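Next up, data35.txt (compact mmCIF, C-alpha atoms):
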```txt
# COMPACT_ATOMS: atom_id res chain seq x y z
CA MET C 1 -170.37 133.56 189.69
CA ILE C 2 -169.72 133.61 193.40
CA THR C 3 -166.92 131.21 194.19
CA TRP C 4 -166.55 129.07 197.31
CA ASN C 5 -163.56 131.06 198.53
CA ARG C 6 -165.42 134.36 198.16
CA LEU C 7 -168.36 132.96 200.11
CA LEU C 8 -166.09 131.90 202.97
CA ALA C 9 -164.29 135.23 202.92
CA ALA C 10 -167.59 137.06 203.25
CA ALA C 11 -168.52 134.83 206.17
CA ALA C 12 -165.22 135.56 207.86
CA LEU C 13 -165.80 139.30 207.73
CA SER C 14 -169.07 138.95 209.59
CA ALA C 15 -168.33 135.97 211.85
CA GLY C 16 -164.61 136.22 212.43
CA ILE C 17 -163.99 132.64 211.31
CA ALA C 18 -160.97 132.05 209.08
CA GLY C 19 -160.79 129.71 206.10
CA ALA C 20 -157.80 128.65 204.08
CA SER C 21 -157.36 131.97 202.28
CA MET C 22 -159.03 134.61 204.40
CA LEU C 23 -158.03 137.71 206.27
CA PRO C 24 -154.39 137.79 207.40
CA SER C 25 -153.93 136.34 210.86
CA TYR C 26 -152.11 137.84 213.82
CA ALA C 27 -150.10 134.71 214.64
CA ALA C 28 -146.85 136.57 215.39
CA GLY C 29 -147.39 136.98 219.12
CA LEU C 30 -151.06 137.96 218.96
CA SER C 31 -151.27 141.71 218.47
CA PHE C 32 -154.98 141.96 219.23
CA LYS C 33 -155.82 145.09 221.17
CA ASP C 34 -158.25 143.25 223.43
CA VAL C 35 -156.19 140.10 224.20
CA SER C 36 -153.25 140.46 226.58
CA PRO C 37 -150.68 137.73 227.30
CA GLU C 38 -152.22 137.46 230.78
CA PHE C 39 -155.67 136.59 229.38
CA TRP C 40 -156.69 133.05 230.36
CA GLY C 41 -157.39 132.02 226.76
CA TYR C 42 -154.31 133.59 225.18
CA ALA C 43 -152.67 130.26 224.28
CA ASN C 44 -155.97 128.84 222.98
CA ILE C 45 -156.48 131.83 220.71
CA GLN C 46 -152.87 131.61 219.49
CA TRP C 47 -153.41 127.95 218.61
CA ALA C 48 -156.63 128.71 216.74
CA ILE C 49 -155.02 131.55 214.80
CA ASP C 50 -152.00 129.41 213.89
CA ASN C 51 -154.31 126.66 212.63
CA LYS C 52 -156.51 129.12 210.69
CA LEU C 53 -159.68 128.23 212.58
CA VAL C 54 -160.54 131.83 213.49
CA ASP C 55 -159.31 135.30 212.70
CA GLY C 56 -159.39 138.77 214.12
CA TYR C 57 -161.45 141.73 213.03
CA PRO C 58 -160.29 144.56 210.75
CA ASP C 59 -160.09 146.94 213.72
CA GLY C 60 -157.32 144.83 215.28
CA THR C 61 -159.51 143.14 217.90
CA PHE C 62 -160.38 139.50 218.51
CA LYS C 63 -163.53 140.05 220.57
CA PRO C 64 -162.77 137.12 222.91
CA ASP C 65 -166.10 137.40 224.75
CA ARG C 66 -168.31 137.68 221.68
CA GLU C 67 -171.04 135.04 221.55
CA VAL C 68 -170.68 132.18 219.08
CA SER C 69 -173.47 130.60 217.05
CA GLN C 70 -173.91 126.89 216.46
CA ASN C 71 -172.72 127.20 212.86
CA GLU C 72 -169.62 129.12 213.87
CA PHE C 73 -168.71 126.47 216.44
CA LEU C 74 -169.34 123.68 213.95
CA ALA C 75 -167.08 125.39 211.43
CA MET C 76 -164.24 125.72 213.97
CA LEU C 77 -164.61 122.11 215.11
CA ILE C 78 -164.79 120.53 211.64
CA ARG C 79 -162.05 122.71 210.14
CA ALA C 80 -159.72 121.63 212.93
CA TYR C 81 -159.93 118.07 211.61
CA GLU C 82 -160.20 118.76 207.86
CA PRO C 83 -162.20 115.53 207.29
CA ASP C 84 -161.91 113.93 203.86
CA ASP C 85 -165.68 113.52 203.58
CA LEU C 86 -166.54 117.21 204.03
CA HIS C 87 -166.37 117.99 200.26
CA PRO C 88 -166.77 121.79 200.41
CA GLU C 89 -166.40 122.02 196.63
CA SER C 90 -169.85 120.46 196.30
CA TYR C 91 -171.34 123.59 197.87
CA LYS C 92 -169.56 126.25 195.82
CA ASN C 93 -172.82 127.60 194.38
CA GLU C 94 -174.71 127.60 197.69
CA PRO C 95 -175.39 131.02 199.27
CA ASP C 96 -175.14 129.63 202.84
CA TRP C 97 -171.47 129.27 203.84
CA ALA C 98 -172.40 127.03 206.77
CA LEU C 99 -174.32 124.42 204.77
CA PRO C 100 -171.46 121.91 204.43
CA TYR C 101 -170.85 122.01 208.19
CA LEU C 102 -174.52 121.57 209.04
CA GLN C 103 -174.86 118.65 206.66
CA TYR C 104 -171.65 117.08 207.92
CA GLY C 105 -172.87 117.26 211.51
CA SER C 106 -176.23 115.80 210.50
CA ARG C 107 -174.55 112.91 208.68
CA LYS C 108 -172.62 112.19 211.86
CA ARG C 109 -175.91 112.27 213.83
CA TRP C 110 -174.67 115.11 216.02
CA ASP C 111 -177.21 117.14 217.95
CA VAL C 112 -177.29 120.08 215.51
CA THR C 113 -180.32 122.19 214.74
CA TRP C 114 -181.34 123.68 211.42
CA ALA C 115 -183.69 126.12 213.16
CA ALA C 116 -182.14 129.50 214.00
CA PRO C 117 -178.57 128.14 213.79
CA GLN C 118 -177.19 131.67 213.99
CA SER C 119 -178.54 132.19 217.51
CA PRO C 120 -175.90 132.06 220.28
CA ILE C 121 -175.16 128.47 221.25
CA THR C 122 -175.19 127.46 224.92
CA ARG C 123 -172.37 125.66 226.69
CA GLY C 124 -174.74 122.74 227.29
CA ASP C 125 -175.42 122.35 223.56
CA VAL C 126 -171.69 122.50 222.93
CA ALA C 127 -171.15 119.74 225.50
CA ARG C 128 -173.56 117.53 223.58
CA ILE C 129 -171.87 118.21 220.24
CA VAL C 130 -168.41 117.56 221.67
CA ALA C 131 -169.65 114.30 223.22
CA ASN C 132 -171.29 113.39 219.89
CA ALA C 133 -168.04 114.06 218.04
CA SER C 134 -166.35 111.70 220.54
CA GLY C 135 -168.76 108.91 219.56
CA LYS C 136 -171.19 109.37 222.47
CA ASN C 137 -174.88 110.17 222.63
CA TYR C 138 -175.63 111.54 226.08
CA SER C 139 -178.13 113.99 227.55
CA VAL C 140 -176.87 117.50 228.21
CA ASP C 141 -176.04 116.81 231.88
CA ASP C 142 -174.39 113.49 231.08
CA SER C 143 -172.42 115.15 228.28
CA VAL C 144 -171.21 117.79 230.71
CA GLN C 145 -170.15 115.13 233.23
CA TYR C 146 -168.35 113.24 230.45
CA LEU C 147 -166.40 116.35 229.47
CA LEU C 148 -165.46 117.01 233.09
CA ASP C 149 -164.36 113.42 233.72
CA THR C 150 -162.29 113.17 230.53
CA GLY C 151 -160.55 116.52 230.99
CA LEU C 152 -162.23 118.13 227.99
CA SER C 153 -163.49 120.84 230.34
CA ASP C 154 -162.72 122.12 233.81
CA GLY C 155 -166.11 123.80 234.14
CA LYS C 156 -166.66 127.53 234.28
CA THR C 157 -166.97 128.29 237.99
CA ALA C 158 -166.29 124.77 239.31
CA LYS C 159 -165.53 121.31 237.95
CA THR C 160 -169.10 120.13 238.50
CA VAL C 161 -172.23 119.90 236.36
CA GLU C 162 -173.58 123.02 238.08
CA GLY C 163 -170.24 124.79 237.80
CA PHE C 164 -170.11 124.08 234.07
CA GLN C 165 -172.89 126.68 233.63
CA LYS C 166 -174.63 124.85 230.79
CA ASN C 167 -177.16 127.62 230.14
CA ASP C 168 -174.53 130.30 229.56
CA THR C 169 -173.79 131.22 225.96
CA LEU C 170 -170.46 130.25 224.44
CA THR C 171 -167.76 132.83 223.78
CA ARG C 172 -165.17 132.81 221.01
CA THR C 173 -162.40 132.02 223.47
CA GLU C 174 -164.33 129.17 225.06
CA ALA C 175 -165.08 127.77 221.61
CA VAL C 176 -161.45 127.52 220.54
CA ALA C 177 -160.52 126.10 223.96
CA PHE C 178 -163.06 123.28 223.54
CA VAL C 179 -161.83 122.54 220.02
CA GLN C 180 -158.17 122.52 221.03
CA ARG C 181 -158.75 120.14 223.94
CA LEU C 182 -160.77 117.76 221.78
CA LYS C 183 -158.20 117.88 218.97
CA SER C 184 -155.42 117.00 221.41
CA SER C 185 -157.24 113.88 222.65
CA LEU C 186 -159.34 112.70 219.67
CA LYS C 187 -157.65 111.59 216.44
CA GLU C 188 -160.71 111.91 214.19
CA LEU C 189 -164.33 113.00 214.46
CA GLN C 190 -166.77 110.23 215.31
CA SER C 191 -170.42 109.54 214.52
CA SER C 192 -172.88 109.63 217.38
CA PRO C 193 -174.90 106.47 218.18
CA ALA C 194 -178.52 106.62 217.06
CA ASP C 195 -179.94 105.97 220.54
CA GLU C 196 -179.25 108.07 223.61
CA GLN C 197 -176.96 106.42 226.12
CA LYS C 198 -176.65 106.72 229.88
CA TYR C 199 -173.26 107.90 231.05
CA VAL C 200 -171.99 105.81 233.92
CA VAL C 201 -169.22 107.35 235.99
CA LYS C 202 -166.39 104.87 236.28
CA ILE C 203 -165.06 104.65 239.83
CA PRO C 204 -161.44 103.50 240.00
CA GLU C 205 -161.05 100.11 241.64
CA GLN C 206 -159.56 100.30 245.10
CA PRO C 207 -156.39 98.30 245.71
CA ALA C 208 -156.59 95.37 248.09
CA VAL C 209 -156.02 96.36 251.69
CA ASN C 210 -153.79 94.07 253.70
CA ALA C 211 -153.80 95.84 257.02
CA ALA C 212 -152.96 94.61 260.44
CA ILE C 213 -155.70 94.56 263.04
CA ILE C 214 -155.84 97.80 264.95
CA ASP C 215 -157.83 98.73 268.01
CA GLN C 216 -157.49 102.28 269.26
CA TYR C 217 -159.44 105.37 270.23
CA ILE C 218 -159.45 108.47 268.06
CA ASN C 219 -160.59 111.89 269.24
CA LEU C 220 -162.66 113.58 266.51
CA THR C 221 -162.46 117.37 266.70
CA ALA C 222 -164.94 118.10 263.88
CA ASN C 223 -167.85 116.43 262.11
CA THR C 224 -166.34 113.45 260.27
CA GLU C 225 -167.83 111.49 257.35
CA VAL C 226 -167.49 107.72 257.29
CA TYR C 227 -167.32 105.89 253.95
CA GLN C 228 -167.97 102.30 252.93
CA LEU C 229 -164.47 102.05 251.48
CA PRO C 230 -161.29 104.01 252.21
CA SER C 231 -162.12 106.42 249.41
CA GLN C 232 -164.39 109.42 249.03
CA PHE C 233 -165.55 107.91 245.71
CA SER C 234 -167.51 105.31 247.70
CA GLY C 235 -170.84 105.94 249.39
CA ALA C 236 -170.91 107.84 252.66
CA ILE C 237 -172.38 105.87 255.56
CA ALA C 238 -172.81 108.58 258.16
CA THR C 239 -171.41 111.72 259.71
CA ILE C 240 -170.03 111.43 263.24
CA ALA C 241 -170.11 114.40 265.59
CA PRO C 242 -166.96 115.36 267.57
CA GLN C 243 -166.33 112.64 270.15
CA SER C 244 -163.94 109.86 271.07
CA VAL C 245 -164.49 106.77 268.89
CA GLN C 246 -162.97 103.33 268.79
CA ALA C 247 -161.42 102.48 265.40
CA PHE C 248 -160.60 98.98 264.20
CA GLU C 249 -159.65 97.37 260.90
CA LYS C 250 -159.17 93.81 259.73
CA ALA C 251 -157.20 92.55 256.75
CA GLY C 252 -159.41 92.03 253.70
CA ASN C 253 -162.32 93.94 255.28
```
Could I get this file's structure written as C-alpha cells?
Amino acid sequence: MITWNRLLAAAALSAGIAGASMLPSYAAGLSFKDVSPEFWGYANIQWAIDNKLVDGYPDGTFKPDREVSQNEFLAMLIRAYEPDDLHPESYKNEPDWALPYLQYGSRKRWDVTWAAPQSPITRGDVARIVANASGKNYSVDDSVQYLLDTGLSDGKTAKTVEGFQKNDTLTRTEAVAFVQRLKSSLKELQSSPADEQKYVVKIPEQPAVNAAIIDQYINLTANTEVYQLPSQFSGAIATIAPQSVQAFEKAGN
C-alpha cells in the first residue's frame, strides 16, 4: 500500500516541495549552487528551508526562478500554518498528493481552481489567494492593491497595481516570500467571504491645522500641483505653470 509519507516524498522529488520527512534540507547556510548570499530572496529561501516548506533538488540546486503551480503554492501556504483541520491522514490512499490542499482551500472559499491546477500560477491569482487567506474577497486588482497597502508585497517593478505585474507567473522564490510575509502578519488562515467585496483605500486623517494667516508671494520655478488638503493623498485641484503667485492660509481652512 502506498503510504501518505511516500506520496508526499514522490511529490517533493518532482515539485521540490518538502514535507515533514522528505529530502534533507540545506539549512546550514544554503549551499545551493544557484542561490548566492547576494540573491534578493536568499533570506526568504533560508526561512522556507528551515520551516520545511520547500526543498532543493538532488543536483544541489534550488531553481529559484522555476515557475510554481497553484497546488505547489497552496501546499507551501497551508504547511506554513499547519492548520488543525487539514487532516492529511484522511487522504493517505489518494493518488493525488495535492488533494488535501485543494479541498482545504475550497472549504475556506479561496479562489482555487480544480481545472489544470498544475499550470503555472500568475501573481494576480496569488494575490487573490493571499487576500482570501486574510479573510478578504476582492477582485484581482483590488487584491493587489490590498497587498501593496498592507506591506504583503512591494510589487515587482514598482509598488503599484501595474508594477505588481499580475500576469507574470510566480517563481519559487516569490512564492516563499509571499508566504513568509503573510505568516509574519497573520496568526491563522482565514475563510474568504462568500460575496466579492470592494476594497476601499483608507486615507489617513489629516491633523488639524492651526496656522497663522499668511499673505506672501511665491515664485514657482516649475509646474506645481495644488491639492485640496496639505497632502498628496487628497485630490489634486490643478497644476500651476511657473509664475509668481500669492499664497494665503487661514486657521481651520
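Between Leu148 in chain C and the residues C:Ala115, C:Val201, C:Leu170, C:Leu220, the shortest atom-to-atom distance, using all atoms listed in the file, involves C:Val201.
When all atoms listed in the file are used to measure the gap to Pro120 in chain C, the shortest distance among C:Ser106, C:Thr160, C:Asn137, C:Asn167 belongs to C:Asn167.
Between CA of Arg172 in chain C and CA of Ser69 in chain C the separation is 9.5 Å.
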Report summary line: Using all atoms listed in the file, the shortest atom-to-atom distance to Asp125 in chain C among C:Phe164, C:Tyr91, C:Tyr199, C:Tyr104 belongs to C:Phe164
Query - Polymer residues at most 8 Å from Ala98 in chain C, all atoms listed in the file, same-chain spacing of 6 or more positions, as a ChimeraX atom specification - result: /C:71-72,75
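Between CA of Tyr42 in chain C and CA of Val112 in chain C the separation is 28.4 Å.
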Report task. Report the distance between CA of Val140 in chain C and CA of Ala127 in chain C in Å, rounded to one decimal place. Result -> 6.7 Å
Query raised in the report: Leaving out Tyr101 in chain C and any residue of its chain fewer than 6 positions from it, which residues lie within 12 Å of it when counting all atoms listed in the file, given as a list of chain:residue names?
Result: C:Gln70, C:Asn71, C:Glu72, C:Phe73, C:Leu74, C:Ala75, C:Met76, C:Leu77, C:Ile78, C:Arg79, C:Glu82, C:Pro83, C:Asp85, C:Leu86, C:His87, C:Pro88, C:Tyr91, C:Arg107, C:Lys108, C:Trp110, C:Val112, C:Thr113, C:Trp114, C:Pro117
Report task. Have a look at C:Lys198, C:Lys187, C:Arg109, C:Arg66 and name the one nearest to Ala175 in chain C; count only C-alpha atoms. Result -> C:Arg66
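Of the listed residues C:Leu152, C:Ile237, C:Ile49, C:Val179, the one whose atoms come nearest to Tyr81 in chain C is C:Val179, with distances taken using only C-alpha atoms.
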Report summary line: Of C:Glu89, C:Asp59, C:Asp50, C:Glu196, the one nearest to Asn132 in chain C when counting all atoms listed in the file is C:Glu196
Query raised in the report: Quick one: residues within 6 Å of Tyr217 in chain C, all atoms listed in the file counted, chain neighbours fewer than 2 positions away excluded, as a PyMOL selection string?
Result: chain C and resi 245-247
